[in-house]
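**Student:** Next comes the structure file model31.txt, holding compact mmCIF, C-alpha atoms.
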# COMPACT_ATOMS: atom_id res chain seq x y z
CA MET A 1 108.68 -8.21 175.49
CA ILE A 2 107.56 -10.74 178.09
CA THR A 3 110.52 -11.81 180.20
CA GLN A 4 111.33 -15.01 182.05
CA GLU A 5 111.12 -13.00 185.26
CA GLN A 6 107.56 -11.94 184.46
CA ILE A 7 106.55 -15.50 183.55
CA GLU A 8 107.93 -16.78 186.85
CA ARG A 9 106.15 -13.97 188.71
CA ILE A 10 102.82 -14.93 187.09
CA LEU A 11 103.35 -18.60 187.93
CA ARG A 12 103.85 -17.67 191.59
CA LEU A 13 100.64 -15.62 191.83
CA ARG A 14 98.12 -16.78 194.41
CA GLY A 15 94.78 -15.33 195.51
CA ASN A 16 95.40 -16.28 199.16
CA GLY A 17 91.73 -16.37 200.02
CA LEU A 18 90.60 -13.95 197.33
CA PRO A 19 89.67 -14.77 193.71
CA LEU A 20 92.28 -14.24 191.01
CA VAL A 21 90.98 -13.25 187.56
CA SER A 22 92.73 -14.63 184.47
CA LEU A 23 91.57 -13.10 181.18
CA TYR A 24 92.67 -13.88 177.62
CA ILE A 25 91.30 -11.78 174.78
CA PRO A 26 92.54 -12.50 171.23
CA VAL A 27 92.95 -9.58 168.84
CA ASN A 28 92.41 -10.07 165.13
CA PRO A 29 94.55 -8.22 162.60
CA GLY A 30 92.31 -5.83 160.72
CA ARG A 31 92.73 -3.46 157.79
CA PRO A 32 94.74 -1.41 158.56
CA GLY A 33 94.61 -2.45 162.23
CA PRO A 34 92.61 -4.55 164.69
CA ASP A 35 88.90 -3.74 164.96
CA ARG A 36 88.52 -1.64 168.11
CA ARG A 37 84.75 -1.89 168.33
CA GLU A 38 84.79 -5.68 168.13
CA TYR A 39 87.53 -5.81 170.76
CA ASP A 40 85.66 -3.46 173.13
CA SER A 41 82.47 -5.48 172.74
CA ARG A 42 84.18 -8.79 173.51
CA LEU A 43 86.04 -7.27 176.46
CA SER A 44 82.77 -5.99 177.92
CA SER A 45 81.17 -9.40 177.43
CA LEU A 46 84.05 -11.14 179.21
CA LEU A 47 84.01 -8.76 182.15
CA ASN A 48 80.26 -9.18 182.53
CA ARG A 49 80.89 -12.82 183.41
CA ILE A 50 82.45 -11.60 186.66
CA ARG A 51 79.38 -9.58 187.66
CA PRO A 52 77.26 -12.44 189.11
CA LEU A 53 80.21 -13.42 191.34
CA ALA A 54 80.80 -9.81 192.37
CA GLU A 55 77.14 -9.45 193.34
CA ASP A 56 76.72 -12.84 195.05
CA ALA A 57 75.32 -12.02 198.50
CA SER A 58 76.58 -15.35 199.87
CA ALA A 59 80.20 -14.42 199.13
CA GLU A 60 82.38 -12.58 201.62
CA HIS A 61 82.45 -8.80 201.36
CA ALA A 62 86.22 -8.78 200.61
CA VAL A 63 85.66 -11.21 197.72
CA ARG A 64 82.87 -9.13 196.19
CA LEU A 65 84.83 -5.90 196.59
CA SER A 66 87.99 -7.37 195.03
CA LEU A 67 86.06 -8.63 191.99
CA ARG A 68 84.32 -5.29 191.49
CA GLU A 69 87.68 -3.53 191.55
CA ASP A 70 89.07 -6.13 189.13
CA MET A 71 86.25 -5.42 186.67
CA SER A 72 86.81 -1.69 186.91
CA ARG A 73 90.60 -1.77 186.68
CA ILE A 74 90.75 -4.28 183.82
CA GLY A 75 88.08 -2.42 181.88
CA LYS A 76 89.70 1.00 182.26
CA THR A 77 93.19 -0.29 181.47
CA LEU A 78 92.34 -2.44 178.46
CA ASN A 79 90.00 0.11 176.90
CA LYS A 80 93.02 2.41 176.56
CA GLU A 81 95.44 -0.30 175.42
CA PRO A 82 96.82 0.13 171.87
CA LEU A 83 95.94 -3.00 169.92
CA ARG A 84 98.19 -5.30 167.96
CA PRO A 85 97.56 -8.81 166.62
CA GLY A 86 97.94 -11.60 169.15
CA THR A 87 96.38 -12.11 172.57
CA LEU A 88 96.21 -9.81 175.55
CA ALA A 89 96.46 -11.74 178.84
CA VAL A 90 95.67 -10.21 182.24
CA PHE A 91 96.02 -11.63 185.75
CA SER A 92 94.38 -9.56 188.47
CA CYS A 93 93.44 -9.72 192.14
CA ALA A 94 92.64 -6.17 193.29
CA GLY A 95 92.33 -7.19 196.94
CA HIS A 96 96.03 -8.10 196.99
CA ASP A 97 97.08 -5.37 194.53
CA ILE A 98 98.00 -7.97 191.88
CA TYR A 99 97.97 -6.92 188.24
CA GLU A 100 100.02 -8.50 185.45
CA GLN A 101 99.41 -7.79 181.78
CA VAL A 102 101.24 -9.37 178.83
CA TRP A 103 100.87 -9.46 175.06
CA LEU A 104 101.22 -12.90 173.48
CA PRO A 105 102.35 -13.12 169.85
CA ARG A 106 99.73 -15.71 168.88
CA ARG A 107 95.96 -15.91 169.27
CA THR A 108 94.54 -18.12 172.01
CA ARG A 109 90.97 -19.03 172.82
CA GLU A 110 89.02 -16.23 174.43
CA SER A 111 88.56 -17.07 178.10
CA LEU A 112 87.98 -15.72 181.58
CA VAL A 113 88.71 -17.85 184.65
CA VAL A 114 88.15 -16.84 188.27
CA ASP A 115 90.03 -19.14 190.62
CA ALA A 116 92.46 -19.22 193.55
CA ASP A 117 95.41 -19.64 191.14
CA PRO A 118 96.22 -18.08 187.75
CA HIS A 119 95.02 -19.91 184.65
CA VAL A 120 98.37 -20.20 182.85
CA ARG A 121 97.99 -23.08 180.39
CA PRO A 122 97.16 -20.79 177.43
CA LEU A 123 100.11 -18.56 178.30
CA LEU A 124 102.57 -21.44 178.54
CA GLY A 125 101.11 -23.15 175.47
CA VAL A 126 101.79 -20.10 173.31
CA LEU A 127 105.25 -19.44 174.73
CA ASP A 128 106.25 -23.09 174.21
CA GLU A 129 106.17 -22.42 170.47
CA TYR A 130 108.87 -19.77 170.74
CA TYR A 131 112.47 -20.72 171.43
CA ARG A 132 114.29 -18.74 174.08
CA THR A 133 117.78 -18.50 172.66
CA CYS A 134 121.05 -17.68 174.39
CA VAL A 135 123.42 -15.89 172.02
CA VAL A 136 127.14 -15.47 172.56
CA VAL A 137 129.26 -13.24 170.34
CA VAL A 138 132.91 -14.13 170.87
CA ASP A 139 136.42 -13.05 170.18
CA LYS A 140 139.70 -13.85 171.96
CA ARG A 141 139.28 -11.22 174.66
CA GLU A 142 135.55 -10.62 175.11
CA GLY A 143 132.29 -12.50 174.97
CA GLN A 144 128.93 -10.74 174.78
CA VAL A 145 125.99 -12.80 176.00
CA TRP A 146 122.54 -11.91 174.63
CA GLU A 147 119.02 -13.26 174.90
CA TYR A 148 116.78 -13.62 171.84
CA TYR A 149 113.10 -14.23 172.49
CA LEU A 150 109.87 -13.33 170.69
CA ASP A 151 111.97 -11.62 167.98
CA GLU A 152 113.67 -9.26 170.42
CA VAL A 153 117.25 -9.20 171.70
CA ARG A 154 118.71 -7.84 174.91
CA GLU A 155 122.26 -7.97 176.20
CA LEU A 156 122.73 -9.94 179.40
CA GLU A 157 126.43 -9.44 180.13
CA ALA A 158 129.88 -8.93 178.67
CA ILE A 159 132.76 -11.11 179.83
CA ARG A 160 136.22 -9.66 179.34
CA ASP A 161 139.51 -11.41 180.01
CA ARG A 162 143.14 -10.51 179.92
CA VAL A 163 144.66 -10.43 176.44
CA LEU A 164 148.33 -10.58 175.52
CA HIS A 165 149.73 -7.45 173.88
CA LYS A 166 152.56 -8.72 171.73
CA HIS A 167 154.64 -5.55 171.86
CA ALA A 168 154.98 -5.92 175.62
CA TYR A 169 156.53 -9.36 175.31
CA ALA A 170 158.32 -9.17 171.97
CA GLU A 171 161.68 -8.22 173.40
CA ALA A 172 161.68 -10.61 176.35
CA TYR A 173 160.26 -13.72 174.70
CA SER A 174 160.58 -15.54 171.42
CA GLU A 175 157.74 -15.35 168.91
CA HIS A 176 156.93 -18.99 169.64
CA ARG A 177 156.56 -18.34 173.38
CA VAL A 178 154.46 -15.22 172.72
CA ARG A 179 152.12 -17.21 170.48
CA ASN A 180 151.80 -19.98 173.06
CA LYS A 181 151.03 -17.45 175.79
CA ALA A 182 148.38 -15.80 173.64
CA ASP A 183 146.79 -19.18 172.87
CA GLU A 184 146.79 -20.07 176.56
CA LEU A 185 144.96 -16.86 177.46
CA SER A 186 142.42 -17.37 174.64
CA LYS A 187 141.68 -20.90 175.83
CA LYS A 188 141.22 -19.69 179.38
CA HIS A 189 138.82 -17.02 178.12
CA TYR A 190 136.82 -19.54 176.07
CA ARG A 191 136.61 -21.94 179.02
CA ARG A 192 135.30 -19.12 181.21
CA LEU A 193 132.65 -18.30 178.61
CA VAL A 194 131.62 -21.95 178.41
CA GLY A 195 131.31 -22.08 182.21
CA GLU A 196 129.00 -19.09 182.15
CA LEU A 197 126.86 -20.66 179.41
CA ARG A 198 126.60 -23.92 181.35
CA GLN A 199 125.24 -22.01 184.34
CA LEU A 200 122.70 -20.18 182.17
CA PHE A 201 121.44 -23.40 180.60
CA ALA A 202 121.49 -25.34 183.88
CA GLY A 203 118.67 -23.12 185.13
CA GLY A 204 116.43 -24.36 182.31
CA GLY A 205 115.75 -20.88 180.97
CA TYR A 206 117.02 -21.44 177.42
CA ASP A 207 116.11 -23.77 174.59
CA LEU A 208 118.79 -22.97 172.02
CA LEU A 209 122.32 -21.60 171.71
CA ALA A 210 123.64 -19.45 168.87
CA VAL A 211 127.31 -18.49 168.48
CA GLY A 212 128.58 -15.56 166.43
CA GLY A 213 131.80 -13.68 165.83
CA GLU A 214 134.69 -13.52 163.38
CA SER A 215 134.53 -16.47 160.99
CA HIS A 216 137.98 -17.76 162.01
CA GLU A 217 137.25 -17.57 165.76
CA VAL A 218 133.76 -19.07 165.97
CA PRO A 219 134.79 -22.67 165.06
CA VAL A 220 137.55 -22.55 167.66
CA PHE A 221 135.11 -21.53 170.39
CA VAL A 222 132.53 -24.12 169.30
CA GLY A 223 135.22 -26.75 169.76
CA PHE A 224 135.23 -25.93 173.49
CA LEU A 225 131.49 -26.57 173.92
CA PRO A 226 130.57 -29.67 175.97
CA GLY A 227 128.03 -32.15 174.67
CA GLU A 228 125.06 -30.67 176.53
CA LEU A 229 125.63 -27.29 174.86
CA THR A 230 126.47 -28.73 171.45
CA ASP A 231 123.08 -30.47 171.52
CA ARG A 232 121.41 -27.06 171.97
CA LEU A 233 123.42 -25.33 169.24
CA ALA A 234 121.05 -23.93 166.61
CA GLY A 235 123.95 -22.70 164.46
CA THR A 236 126.70 -20.14 164.07
CA PHE A 237 127.00 -16.84 162.24
CA ALA A 238 129.79 -14.52 161.11
CA LEU A 239 129.76 -11.04 162.60
CA ASP A 240 132.15 -8.13 163.03
CA ARG A 241 131.75 -7.75 166.77
CA GLU A 242 133.25 -4.27 166.91
CA GLY A 243 130.80 -2.76 164.43
CA ALA A 244 127.76 -4.94 165.10
CA THR A 245 124.52 -3.42 166.36
CA PRO A 246 121.75 -5.19 168.32
CA GLU A 247 119.71 -5.17 165.10
CA ASP A 248 122.52 -7.00 163.28
CA ILE A 249 122.54 -9.66 165.97
CA ARG A 250 118.74 -9.94 165.94
CA GLN A 251 118.65 -10.50 162.17
CA LYS A 252 121.37 -13.15 162.28
CA VAL A 253 119.80 -15.07 165.14
CA ARG A 254 116.31 -14.77 163.67
CA GLU A 255 117.51 -16.66 160.58
CA LEU A 256 119.06 -19.42 162.67
CA VAL A 257 116.02 -19.83 164.90
CA ALA A 258 113.63 -19.80 161.92
CA GLY A 259 115.67 -22.55 160.29
CA HIS A 260 115.62 -24.60 163.47
CA ALA A 261 111.86 -24.09 163.86
CA GLU A 262 111.28 -25.29 160.30
CA GLU A 263 113.32 -28.43 160.95
CA GLU A 264 111.34 -29.11 164.13
CA GLN A 265 108.03 -28.64 162.32
CA ARG A 266 109.08 -31.07 159.58
CA ARG A 267 110.31 -33.54 162.18
CA LEU A 268 106.98 -33.51 164.06
CA VAL A 269 104.91 -33.85 160.89
CA GLY A 270 107.14 -36.71 159.74
CA GLU A 271 106.80 -38.43 163.11
CA ILE A 272 103.00 -38.15 162.97
CA LEU A 273 102.78 -39.56 159.45
CA GLU A 274 105.24 -42.35 160.25
CA ALA A 275 103.31 -43.31 163.40
CA LYS A 276 100.05 -43.39 161.47
CA ALA A 277 101.53 -45.57 158.72
CA ALA A 278 102.99 -47.96 161.31
CA GLY A 279 99.70 -48.33 163.17
CA ARG A 280 100.86 -46.51 166.30
CA PRO A 281 98.50 -44.04 168.07
CA ALA A 282 98.26 -41.04 165.74
CA ALA A 283 95.63 -38.94 164.00
CA VAL A 284 95.88 -37.47 160.51
CA GLY A 285 93.28 -35.13 159.07
CA LEU A 286 91.12 -32.54 160.79
CA ASP A 287 88.10 -34.70 161.62
CA GLU A 288 90.13 -37.44 163.27
CA THR A 289 92.27 -34.90 165.12
CA LEU A 290 89.18 -33.06 166.42
CA TRP A 291 87.81 -36.34 167.73
CA ALA A 292 91.14 -37.09 169.44
CA ALA A 293 91.14 -33.66 171.12
CA SER A 294 87.56 -34.25 172.28
CA LEU A 295 88.86 -37.26 174.23
CA ALA A 296 91.98 -35.49 175.59
CA ALA A 297 94.04 -38.02 173.65
CA ILE A 298 96.56 -35.66 172.02
CA ARG A 299 100.10 -35.37 173.36
CA ALA A 300 101.57 -33.45 170.38
CA LEU A 301 99.51 -31.51 167.83
CA ALA A 302 100.58 -30.04 164.51
CA VAL A 303 98.18 -27.69 162.71
CA ASP A 304 98.62 -25.82 159.46
CA GLU A 305 99.27 -22.15 160.21
CA GLN A 306 97.08 -20.99 157.31
CA ALA A 307 94.05 -23.16 158.05
CA VAL A 308 90.85 -21.51 159.33
CA VAL A 309 87.79 -23.76 159.56
CA PRO A 310 84.39 -22.91 161.10
CA GLY A 311 82.97 -25.56 163.38
CA PHE A 312 81.11 -26.45 166.55
CA VAL A 313 81.89 -27.09 170.22
CA CYS A 314 79.97 -28.85 172.95
CA ASP A 315 80.45 -26.79 176.10
CA ARG A 316 79.35 -29.68 178.30
CA ASP A 317 81.75 -32.46 177.29
CA GLY A 318 84.26 -30.71 175.05
CA LEU A 319 83.35 -32.33 171.72
CA LEU A 320 84.89 -30.57 168.71
CA THR A 321 83.46 -31.08 165.26
CA ARG A 322 83.13 -29.39 161.89
CA SER A 323 79.38 -29.96 161.63
CA GLY A 324 76.29 -30.88 163.59
CA LYS A 325 73.52 -29.35 165.67
CA THR A 326 73.53 -31.52 168.78
CA CYS A 327 76.31 -33.35 170.58
CA PRO A 328 76.21 -37.10 169.86
CA LEU A 329 77.68 -37.77 173.31
CA CYS A 330 75.28 -35.82 175.55
CA GLY A 331 72.55 -34.46 173.30
CA GLU A 332 73.22 -30.81 174.18
CA ALA A 333 73.10 -28.15 171.49
CA LEU A 334 76.46 -27.38 169.90
CA ARG A 335 77.90 -23.87 169.94
CA GLU A 336 79.11 -22.51 166.61
CA VAL A 337 82.67 -21.10 166.52
CA PRO A 338 84.39 -19.16 163.72
CA ASP A 339 87.54 -21.30 163.81
CA VAL A 340 87.42 -24.79 165.27
CA ILE A 341 91.21 -25.10 164.81
CA ASP A 342 91.69 -22.35 167.42
CA GLU A 343 89.44 -24.37 169.73
CA LEU A 344 91.45 -27.50 168.91
CA ALA A 345 94.77 -25.88 169.85
CA GLY A 346 93.29 -24.45 173.05
CA ALA A 347 91.86 -27.81 174.09
CA VAL A 348 95.20 -29.56 173.59
CA ILE A 349 96.99 -26.91 175.67
CA ASP A 350 94.37 -27.23 178.42
CA ASP A 351 94.94 -31.01 178.44
CA GLY A 352 98.71 -30.60 178.83
CA GLY A 353 99.67 -31.40 175.24
CA GLU A 354 102.20 -29.75 172.94
CA VAL A 355 101.04 -27.56 170.03
CA ARG A 356 103.00 -26.58 166.94
CA HIS A 357 101.62 -24.29 164.22
CA VAL A 358 103.29 -25.38 160.98
CA ASP A 359 104.06 -22.49 158.64
CA THR A 360 106.28 -24.37 156.19
CA GLU A 361 105.16 -26.54 153.28
CA THR A 362 104.62 -30.14 154.45
CA GLU A 363 102.25 -33.01 153.72
CA LEU A 364 100.08 -31.65 156.52
CA ARG A 365 98.92 -28.68 154.43
CA THR A 366 96.17 -30.64 152.70
CA GLN A 367 95.28 -32.51 155.91
CA GLN A 368 95.18 -29.31 158.04
CA ALA A 369 95.97 -31.14 161.29
CA GLY A 370 97.61 -34.21 162.73
CA ALA A 371 98.69 -35.48 166.14
CA LEU A 372 100.62 -38.01 168.16
CA LEU A 373 98.20 -39.64 170.59
CA ARG A 374 98.28 -40.96 174.13
CA PHE A 375 96.10 -43.95 173.23
CA GLU A 376 94.17 -45.52 170.37
CA LEU A 377 90.88 -43.82 169.53
CA PRO A 378 87.49 -45.47 169.78
CA PRO A 379 85.22 -45.11 166.74
CA GLN A 380 83.64 -41.70 166.26
CA PRO A 381 79.91 -41.31 166.82
CA ASN A 382 78.17 -41.22 163.44
CA SER A 383 76.89 -37.69 163.78
CA ALA A 384 80.35 -36.40 164.75
CA GLN A 385 82.10 -37.80 161.70
What is this structure when it is put down as structure tokens?
**Tutor:**
Amino acid sequence: MITQEQIERILRLRGNGLPLVSLYIPVNPGRPGPDRREYDSRLSSLLNRIRPLAEDASAEHAVRLSLREDMSRIGKTLNKEPLRPGTLAVFSCAGHDIYEQVWLPRRTRESLVVDADPHVRPLLGVLDEYYRTCVVVVDKREGQVWEYYLDEVRELEAIRDRVLHKHAYAEAYSEHRVRNKADELSKKHYRRLVGELRQLFAGGGYDLLAVGGESHEVPVFVGFLPGELTDRLAGTFALDREGATPEDIRQKVRELVAGHAEEEQRRLVGEILEAKAAGRPAAVGLDETLWAASLAAIRALAVDEQAVVPGFVCDRDGLLTRSGKTCPLCGEALREVPDVIDELAGAVIDDGGEVRHVDTETELRTQQAGALLRFELPPQPNSAQ
């Protein structure tokens, strides 16, 4: 599982005078598994794009040597990598002994970029679709804090506090005073847990909060949450903390996060349709949305998860279209692509927009795509319609 630490490490990568290679290679699910020969062929084709740079006599010797080692190391490593659906992303600068490799759960556009800094937009665009969730499982004496991300859970810490043992106080104090003392300790414990959660969320590392535990204790703890944490609360779940396994927690939180994701998808689709009906900048339907992406006009894109549409791309000016032979903007020949919706999502990410793949039934299913726009669109060229 990719971790926040690894993401931050990738974001800090720098070539420092040497080229840094960023490679994204999508892997298709096959029957019964991804097609190895197709993958190997595309990997070889991508790496061959580095060769002219590695053999450029005008480049410094250290640059050429680093790129040659990048080609060799990436090729040897990825040729042995077990395949699973998604995208394999690699960031490498052999001259500085830099090598980071991550699997992304969703396909991106195939790409290879050689630059001074890592090409991270595809990485961040994919990860933005997955909610990093902080999970706390509570009772009156202990709180377990977990992280749920990309359908995996890991325990972060356990916070234990003093608990009142009634038998130790029964003789010296009345039942009323014992109960008050126990309540006081529980409240102190809950406030400590809340303080820890506030610190975790203050760092910006989490999108959602989930709270679990005994059904009679969870509402009490939720009552201690301040507004900024209540706003992040995806939901609560009942759980026997003593007998719960990490898998039990994962299943419970998965349901909450899936429900939240569905609500967010419906909200975005509703916002797009409402904006279009009100005459505000929005696109509805694949053709109009492709034209908007061609102009870098999209700030939030929603595409139907099930839609796959062949189309064409102009590599010179970025035009996306479902049909045509030449670009109506520059006259260059268009390049055919197997799925223009993949190209659409990649273009929006590259332009700094938000992308959501909608896997629930909405009005978007028949339209295939829609978007909130940064500005009103000019008319489409006739041959791009």
**Student:** Identify which of the residues A:Val222, A:Ala347, A:Val21, A:Val355 lies closest to Arg106 in chain A, counting only C-alpha atoms when measuring atom-to-atom distances.
**Tutor:**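 Distance minimum relative to Arg106 in chain A lands on A:Val355.
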**Student:** For CA of Met71 in chain A and CA of Ala54 in chain A, determine how far apart the two atoms are, in Å to one decimal place.
**Tutor:**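 About the pair CA of Met71 in chain A and CA of Ala54 in chain A: they are 9.0 Å apart.
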**Student:** Quick one: residues within 12 Å of Glu60 in chain A, all atoms listed in the file, excluding same-chain residues fewer than 5 positions away - as a PyMOL selection string?
**Tutor:** chain A and resi 17-19+53-55+65-67
**Student:** CA of Leu372 in chain A and CA of Ile272 in chain A, how far apart in Å?
**Tutor:**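 Between CA of Ile272 in chain A and CA of Leu372 in chain A the gap is 5.7 Å.
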**Student:** Pick out the residues sitting within 10 Å of Arg335 in chain A, and hand them over as number ranges by chain; count all atoms listed in the file, and ignore anything fewer than 4 positions along from it in its own chain.
**Tutor:** A: 311-315, 320, 324-327
**Student:** At what distance in Å, to one decimal, does CA of Gly125 in chain A lie from CA of Ile50 in chain A?
**Tutor:**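 According to the coordinates, CA of Ile50 in chain A and CA of Gly125 in chain A are separated by 24.6 Å.
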**Student:** Which residues are close to Gln101 in chain A, i.e. within 8 Å by all atoms listed in the file, leaving aside same-chain residues fewer than 6 positions away? Reply as a list in words.
**Tutor:** Leu88, Ala89, Val90 and Phe91 of chain A
**Student:** Identify which of the residues A:Trp146, A:Tyr24, A:Trp103, A:Phe201 lies closest to Arg121 in chain A, counting all atoms listed in the file when measuring atom-to-atom distances.
**Tutor:** A:Tyr24
**Student:** With all atoms listed in the file as the basis for distance, which of A:Thr133, A:Gly205, A:Gly143, A:Cys330 is at the shortest distance from Glu8 in chain A?
**Tutor:**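 Of A:Thr133, A:Gly205, A:Gly143, A:Cys330, the one nearest Glu8 in chain A, counting all atoms listed in the file, is A:Gly205.
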**Student:** What box, with edges along x, y and z, holds each listed atom of range 285-299 of chain A when 6 Å is added on every side, and can you state its centre and edge lengths in Å to one decimal, as lines of an AutoDock Vina configuration file?
**Tutor:**
center_x = 93.8
center_y = -35.3
center_z = 167.3
size_x = 24.5
size_y = 17.5
size_z = 28.5
**Student:** Nearest residue to Ile298 in chain A out of A:Arg374, A:Glu228, A:Leu268, A:Ala369, using only C-alpha atoms?
**Tutor:** A:Arg374
**Student:** Name the residues in contact with Val211 in chain A at a cut-off of 8 Å, using all atoms listed in the file, excluding same-chain residues fewer than 3 positions from it; report them as a list in words.
**Tutor:**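 In the requested form, the answer reads Val135, Val136, Val137, Val138, Val218, Val222, Leu233, Gly235, Thr236 and Phe237 of chain A.
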**Student:** Which one of A:Arg250, A:Asp117, A:Arg280, A:Leu334 sits closest to Arg322 in chain A if you count all atoms listed in the file?
**Tutor:**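 Closest candidate: A:Leu334.
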**Student:** Using only C-alpha atoms, can you tell me which of A:Leu319, A:Val340, A:Ile249, A:Ile10 comes closest to Leu124 in chain A?
**Tutor:**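 Looking at the shortest contact to Leu124 in chain A, the residue is A:Ile10.
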